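Q: Following this message is one structure expressed as structure tokens.
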Amino acid sequence: MSHALHEVTTSKWLLSDANHDLTRLVNDPKFSRWLAQIKAIGGCAHPVYLSGSTLTLDVVTGEVVSSYSTADEPGERLAVRCGNRRASVCPTCSYLHAGDTYHLVRAGLSGGKGVPGAVSGHPRLFVTLTAPSFGPVHRAVDGQYCRPRRDDPVCEHGRPLGCGRVHGEDDRLIGLPLCADCYDYVGHVLWHAHAGRLWNLFTTAVRRYLASAGGVPRSKLGEHLVVSFAKVAEYQKRAAIHFHAVVRLDGPDGPGSEPAPWASEDLLIDAVTHAAVSTSVTVPDSGAYGTERLGWGGQFDAHPIHPQPGSDVPSGSAVAGYVAKYVTKGAAETGAGLDYRITSPADIHAAVVTTHIRALMATCWRLGGLPELEHLRLRRWAHSLGYRGHILTKSRRYSTTYGALRADRADHRRGGPAPGEDTVTESAWRFAGSGYTPAEADFAIGIAEDAADLREIRRGMIAEGWKYAP
């Protein structure tokens with residue numbers, strides 16, 4: 001059989017198989033119920049199916065308050081959302097996650113969701129912390145030359161140390177080193193591996209500075225104020241992580257209380273500035289890479305959050321929206337890694353990434369084989385270039401939690417709060433599969449696209465002043 005004939009035969013077989021699957025699906029007596037399930041989860045790209053039952057009883061009378069079983073559902077199972085935050089994996093679930101993040105961050109700035117409204121009057125900053133330079137990279141600078149140099153110098157490898165081009169925002173050169181051989185890939189990877197520890201040292205340094213300025217022992221600071229924060233990690237064009245954080249001062253009893261009178265906004269700015277300059281981590285010496293001292297980059301920024309009409313100071317809503325925008329992006333979407341783990345050097349070689357990203361992943365793999373760096377688990381986190389922290393973290397008292405927001409959404413859909421203390425719930429559930437058949441996937445994609453279109457229509461109507469948008 002010729003190659004062309006084989007392709008035609010294969011295509012006909014796949015088309016026939018897809019048609020059979022579609023026929024089976026739409027002729028199923030429970031097709032409408034299956035469709036209702038998928039609409040209820042917004043066309044989730046990778047649903048999880050559960051089988052089981054839930055029974056709620058009155059603890060005094062033993063009367064059945066409510067019950068549910070998948071026995072009458074299609075395939076005797078119920079579809080639930082995958083819950084993935086990455087838009088590249090599941091757009092519909094990432095949209096919900098971004099919304100939850102927005103409300104979580106905004107509640108800590110303006111109140112709501114269990115946070116007192118008085119919190120909006122507390123000293124609050126929007127702080128940006130970046131990684132240091134590991135070598136010059138191409139950049140876009142508002143229509144200006146990338147890296148102009150008068151004398152056209154070259155590095156020790158014979159490559160230019162300057163770039164006279166004007167890069168557009170989508171130029172593929174942006175973020176790539178001018179000379180890959182000069183670039184400190186080891187330092188880049190080790191900084192990622194220690195970024196979480198560096199952040200912890202930063203928050204400790206902020207508290208120490210505040211205690212010293214207030215003339216109180218560090219152990220007694222909690223009697224005068226509490227430092228609360230929420231931060232999100234974002235990959236820059238050069239594939240280095242940087243942090244955007246909300247830092248807030250509360251009283252000893254949390255958001256509902258005022259911090260000590262001497263704990264001013266100016267003092268908080270001084271504290272975070274001092275902490276950004278003074279904190280560092282030293283990686284022990286090794287014959288493979290030498291001693292590395294890791295600190296923050298020079299592009300530190302701190303803005304107060306208390307806008308006035310016509311002011312450039314960001315509002316709480318703007319900050320929350322900014323954070324929510326980035327929390328749904330994975331390393332692959334920003335071009336700074338992969339959304340799946342690497343298991344061998346062959347995976348690195350086969351990855352569809354730039355040479356810069358491939359070099360960073362290869363460095364993770366090489367350093368991950370050193371006994372003295374085994375605790376960093378660099379090979380396990382090579383797909384994210386050595387960074388193993390969460391995309392968003394917050395202090396306990398900052399605001400509400402993702403769990404509480406999801407519980408509120410479940411109560412809303414249920415039409416009321418969950419059963420109270422006078423009831424007992426007995427549940428028995430088991431995993432019953434995941435994903436779609438080809439025909440099911442087509443329906444789910446259509447549902448997800450319709451939901452996205454409706455959201456855009458709603459935004460447009462609100463922007464045009466419609467009071468009641470669908």
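Ligands are numbered from 1 in the order shown, chains are lettered A, B, ... in the order of the structure tokens, and residues start at 1 in each chain.
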Enumerate, as number ranges by chain, the complete set of residues in segment 72-190 of chain A that a backbone-based DSSP assignment places in strand (DSSP E or B).
A: A: 78-80, 112, 115, 124-129, 137, 141, 144, 147, 154, 160, 163, 177
Q: List every residue of segment 3-214 of chain A that DSSP, applied to the backbone of this structure, assigns to helix (DSSP H, G or I), and report them as a VMD selection string.
A: chain A and resid 3 to 26 31 to 40 70 to 72 74 to 76 91 to 110 117 to 121 185 to 214
Q: Please tabulate, as a tab-separated table, the residues of segment 50-134 of chain A that come within 12 Å of segment 339-347 of chain A, each with its closest pair of atoms and the distance in Å to one decimal, counting only C-alpha atoms and ordering rows by chain, then residue number upward.
A:
```
residue	atom	partner	partner_atom	distance
A:Asn84	CA	A:Asp339	CA	11.4
A:Arg85	CA	A:Asp339	CA	11.5
A:Arg86	CA	A:Asp339	CA	8.9
A:Ala87	CA	A:Asp339	CA	11.1
A:Ser88	CA	A:Asp339	CA	8.8
A:Val89	CA	A:Asp339	CA	8.6
```
Q: Looking at A:Val26, A:Ala302, A:Leu125, A:Leu201, which one is nearest to Ser228 of chain A, with distances taken over only C-alpha atoms?
A: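 Using only C-alpha atoms, the shortest distance to Ser228 of chain A belongs to A:Leu125.
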Q: Name all residues at most 7 Å from segment 357-366 of chain A (count only C-alpha atoms; drop same-chain ones fewer than 3 positions away) and give them as a VMD selection string.
A: chain A and resid 185 to 186 189 336 to 337 348 353 to 354 369 378 to 379 382 to 383 385 to 386
Q: For the residues selected in the previous step, produce a file with all heavy atoms as a tab-separated table (two decimals), in the first residue's frame.
A:
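So selection26.tsv came out as:
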```tsv
chain	number	residue	atom	x	y	z
A	185	TYR	N	24.07	30.90	33.62
A	185	TYR	CA	22.94	29.97	33.72
A	185	TYR	C	22.91	29.29	35.09
A	185	TYR	O	21.83	29.03	35.64
A	185	TYR	CB	23.04	28.91	32.62
A	185	TYR	CG	22.59	29.43	31.27
A	185	TYR	CD1	23.51	29.79	30.29
A	185	TYR	CD2	21.24	29.58	30.97
A	185	TYR	CE1	23.10	30.29	29.06
A	185	TYR	CE2	20.81	30.07	29.76
A	185	TYR	CZ	21.75	30.42	28.79
A	185	TYR	OH	21.32	30.92	27.60
A	186	VAL	N	24.07	29.02	35.66
A	186	VAL	CA	24.11	28.41	36.99
A	186	VAL	C	23.50	29.35	38.03
A	186	VAL	O	22.67	28.95	38.85
A	186	VAL	CB	25.57	28.06	37.37
A	186	VAL	CG1	25.66	27.65	38.85
A	186	VAL	CG2	26.09	26.94	36.49
A	189	VAL	N	19.61	29.50	37.64
A	189	VAL	CA	18.93	28.32	38.17
A	189	VAL	C	18.97	28.30	39.70
A	189	VAL	O	17.96	28.03	40.37
A	189	VAL	CB	19.54	27.04	37.58
A	189	VAL	CG1	19.10	25.81	38.37
A	189	VAL	CG2	19.17	26.89	36.11
A	336	ALA	N	8.56	30.36	29.22
A	336	ALA	CA	9.63	30.19	30.20
A	336	ALA	C	9.62	28.80	30.82
A	336	ALA	O	9.81	28.65	32.01
A	336	ALA	CB	9.52	31.25	31.28
A	337	GLY	N	9.39	27.79	30.01
A	337	GLY	CA	9.42	26.43	30.54
A	337	GLY	C	8.31	25.58	29.96
A	337	GLY	O	7.76	25.89	28.91
A	348	ILE	N	14.37	17.20	27.34
A	348	ILE	CA	14.86	18.56	27.16
A	348	ILE	C	15.20	18.81	25.70
A	348	ILE	O	14.86	19.86	25.13
A	348	ILE	CB	16.10	18.82	28.05
A	348	ILE	CG1	15.74	18.66	29.53
A	348	ILE	CG2	16.70	20.19	27.78
A	348	ILE	CD1	16.93	18.76	30.47
A	353	VAL	N	11.10	24.72	22.72
A	353	VAL	CA	11.42	25.93	23.47
A	353	VAL	C	12.61	26.62	22.82
A	353	VAL	O	13.23	26.08	21.90
A	353	VAL	CB	11.76	25.60	24.95
A	353	VAL	CG1	10.55	25.05	25.69
A	353	VAL	CG2	12.93	24.59	25.03
A	354	THR	N	12.93	27.82	23.27
A	354	THR	CA	14.09	28.53	22.74
A	354	THR	C	15.37	27.89	23.26
A	354	THR	O	15.36	27.12	24.24
A	354	THR	CB	14.06	30.00	23.17
A	354	THR	OG1	14.19	30.08	24.60
A	354	THR	CG2	12.75	30.68	22.76
A	369	GLY	N	22.23	16.65	39.47
A	369	GLY	CA	22.97	15.42	39.68
A	369	GLY	C	24.09	15.55	40.70
A	369	GLY	O	24.76	14.56	41.01
A	378	LEU	N	16.44	19.81	41.69
A	378	LEU	CA	16.45	20.59	40.46
A	378	LEU	C	15.97	19.79	39.25
A	378	LEU	O	15.38	20.36	38.33
A	378	LEU	CB	17.86	21.13	40.20
A	378	LEU	CG	18.30	22.25	41.16
A	378	LEU	CD1	19.77	22.56	40.98
A	378	LEU	CD2	17.45	23.49	40.93
A	379	ARG	N	16.23	18.50	39.22
A	379	ARG	CA	15.75	17.70	38.09
A	379	ARG	C	14.23	17.58	38.11
A	379	ARG	O	13.59	17.64	37.05
A	379	ARG	CB	16.40	16.31	38.12
A	379	ARG	CG	17.88	16.35	37.77
A	379	ARG	CD	18.48	14.97	37.62
A	379	ARG	NE	19.86	15.05	37.13
A	379	ARG	CZ	20.64	14.01	36.89
A	379	ARG	NH1	20.17	12.77	37.10
A	379	ARG	NH2	21.86	14.19	36.45
A	382	ALA	N	12.97	20.92	36.72
A	382	ALA	CA	13.66	21.44	35.53
A	382	ALA	C	12.67	22.08	34.56
A	382	ALA	O	13.00	23.02	33.83
A	382	ALA	CB	14.44	20.33	34.83
A	383	HIS	N	11.43	21.56	34.51
A	383	HIS	CA	10.44	22.11	33.58
A	383	HIS	C	10.06	23.55	33.92
A	383	HIS	O	9.64	24.31	33.06
A	383	HIS	CB	9.18	21.24	33.58
A	383	HIS	CG	8.41	21.27	34.86
A	383	HIS	ND1	8.90	20.70	36.03
A	383	HIS	CD2	7.20	21.80	35.18
A	383	HIS	CE1	8.02	20.88	37.00
A	383	HIS	NE2	6.98	21.55	36.51
A	385	LEU	N	12.33	25.57	35.36
A	385	LEU	CA	13.65	26.22	35.43
A	385	LEU	C	14.18	26.34	36.85
A	385	LEU	O	14.89	27.28	37.20
A	385	LEU	CB	13.59	27.61	34.77
A	385	LEU	CG	12.86	27.67	33.41
A	385	LEU	CD1	12.94	29.07	32.84
A	385	LEU	CD2	13.41	26.66	32.45
A	386	GLY	N	13.83	25.37	37.68
A	386	GLY	CA	14.34	25.31	39.04
A	386	GLY	C	13.45	25.96	40.08
A	386	GLY	O	13.66	25.77	41.27
```
Q: Would you pick out the contacts of Leu225 of chain A at 10 Å or less, using only C-alpha atoms, so that residues sharing its chain but fewer than 2 positions from it are not included, and give the list as a list in words?
A: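 So, after excluding close chain neighbours, the residues are Arg207, Leu210, Ala211, Lys220, Leu221, Gly222, Glu223, Val227, Ser228, Leu249, Asp250, Gly251, Pro252, Asp253, Gly254, Ser257, Glu258, Pro259, Ala260, Pro261 and Ala263 of chain A.
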Q: Given the selection you just returned, output its residues as a file containing N, CA and C atoms, formatted as a tab-separated table (two decimals), in the first residue's frame.
A:
```tsv
chain	number	residue	atom	x	y	z
A	207	ARG	N	9.98	42.77	59.17
A	207	ARG	CA	9.49	42.76	60.55
A	207	ARG	C	10.57	43.26	61.52
A	210	LEU	N	10.84	47.06	61.27
A	210	LEU	CA	9.71	47.72	61.93
A	210	LEU	C	9.85	47.68	63.44
A	211	ALA	N	10.30	46.54	63.96
A	211	ALA	CA	10.47	46.41	65.41
A	211	ALA	C	11.55	47.37	65.90
A	220	LYS	N	8.17	40.99	70.54
A	220	LYS	CA	7.00	41.72	71.01
A	220	LYS	C	6.30	42.49	69.90
A	221	LEU	N	6.78	42.38	68.67
A	221	LEU	CA	6.21	43.16	67.57
A	221	LEU	C	4.72	42.85	67.39
A	222	GLY	N	4.34	41.58	67.59
A	222	GLY	CA	2.95	41.18	67.41
A	222	GLY	C	1.98	41.86	68.36
A	223	GLU	N	2.49	42.47	69.41
A	223	GLU	CA	1.64	43.22	70.34
A	223	GLU	C	1.32	44.62	69.81
A	227	VAL	N	2.30	42.10	60.10
A	227	VAL	CA	2.58	42.30	58.68
A	227	VAL	C	1.88	41.21	57.89
A	228	SER	N	0.96	41.61	57.00
A	228	SER	CA	0.24	40.66	56.16
A	228	SER	C	0.64	40.89	54.71
A	249	LEU	N	-0.02	46.56	56.81
A	249	LEU	CA	0.17	46.57	58.26
A	249	LEU	C	-1.19	46.57	58.95
A	250	ASP	N	-1.38	45.62	59.88
A	250	ASP	CA	-2.60	45.53	60.69
A	250	ASP	C	-2.25	45.69	62.15
A	251	GLY	N	-3.29	45.80	62.96
A	251	GLY	CA	-3.09	45.82	64.40
A	251	GLY	C	-2.87	44.41	64.94
A	252	PRO	N	-2.62	44.27	66.22
A	252	PRO	CA	-2.33	42.97	66.82
A	252	PRO	C	-3.47	41.96	66.69
A	253	ASP	N	-4.71	42.46	66.51
A	253	ASP	CA	-5.85	41.55	66.37
A	253	ASP	C	-6.22	41.29	64.92
A	254	GLY	N	-5.36	41.66	63.99
A	254	GLY	CA	-5.61	41.37	62.58
A	254	GLY	C	-6.23	42.53	61.83
A	257	SER	N	-8.19	45.60	63.36
A	257	SER	CA	-7.58	46.51	64.34
A	257	SER	C	-6.51	47.38	63.68
A	258	GLU	N	-6.28	48.55	64.26
A	258	GLU	CA	-5.31	49.50	63.70
A	258	GLU	C	-3.90	49.17	64.22
A	259	PRO	N	-2.88	49.32	63.35
A	259	PRO	CA	-1.51	49.13	63.83
A	259	PRO	C	-1.10	50.27	64.75
A	260	ALA	N	0.03	50.13	65.40
A	260	ALA	CA	0.52	51.17	66.31
A	260	ALA	C	0.67	52.50	65.57
A	261	PRO	N	0.44	53.62	66.23
A	261	PRO	CA	0.49	54.92	65.57
A	261	PRO	C	1.81	55.20	64.85
A	263	ALA	N	3.54	53.10	63.20
A	263	ALA	CA	3.68	52.23	62.02
A	263	ALA	C	3.03	52.91	60.82
```
Q: List the neighbours of Gly316 of chain A out to 12 Å using only C-alpha atoms; skip same-chain residues closer than 4 positions along the sequence, and give me the result as a list in words.
A: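 Counting only the stated atoms, we get Tyr102, His103, Leu104, Val105, Arg106, Ala107, Gly108, Leu109, Ser110, Gly111, Val119, Ser120, Gly121, Arg124, Leu125, Phe126, Val246, His303, Pro304, Ile305, His306, Pro307, Gln308, Ala320, Gly321, Tyr322 and Val323 of chain A.
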Q: Return the single residue from A:Arg150, A:Ala36, A:Ala213, A:Phe243 that is closest to Leu268 of chain A, with distances computed using only C-alpha atoms.
A: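 Closest candidate: A:Ala213.
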Q: I'd like to know which of A:Ala131, A:Leu178, A:Val137, A:Leu198 is closest to Ile241 of chain A, using only C-alpha atoms.
A: A:Ala131
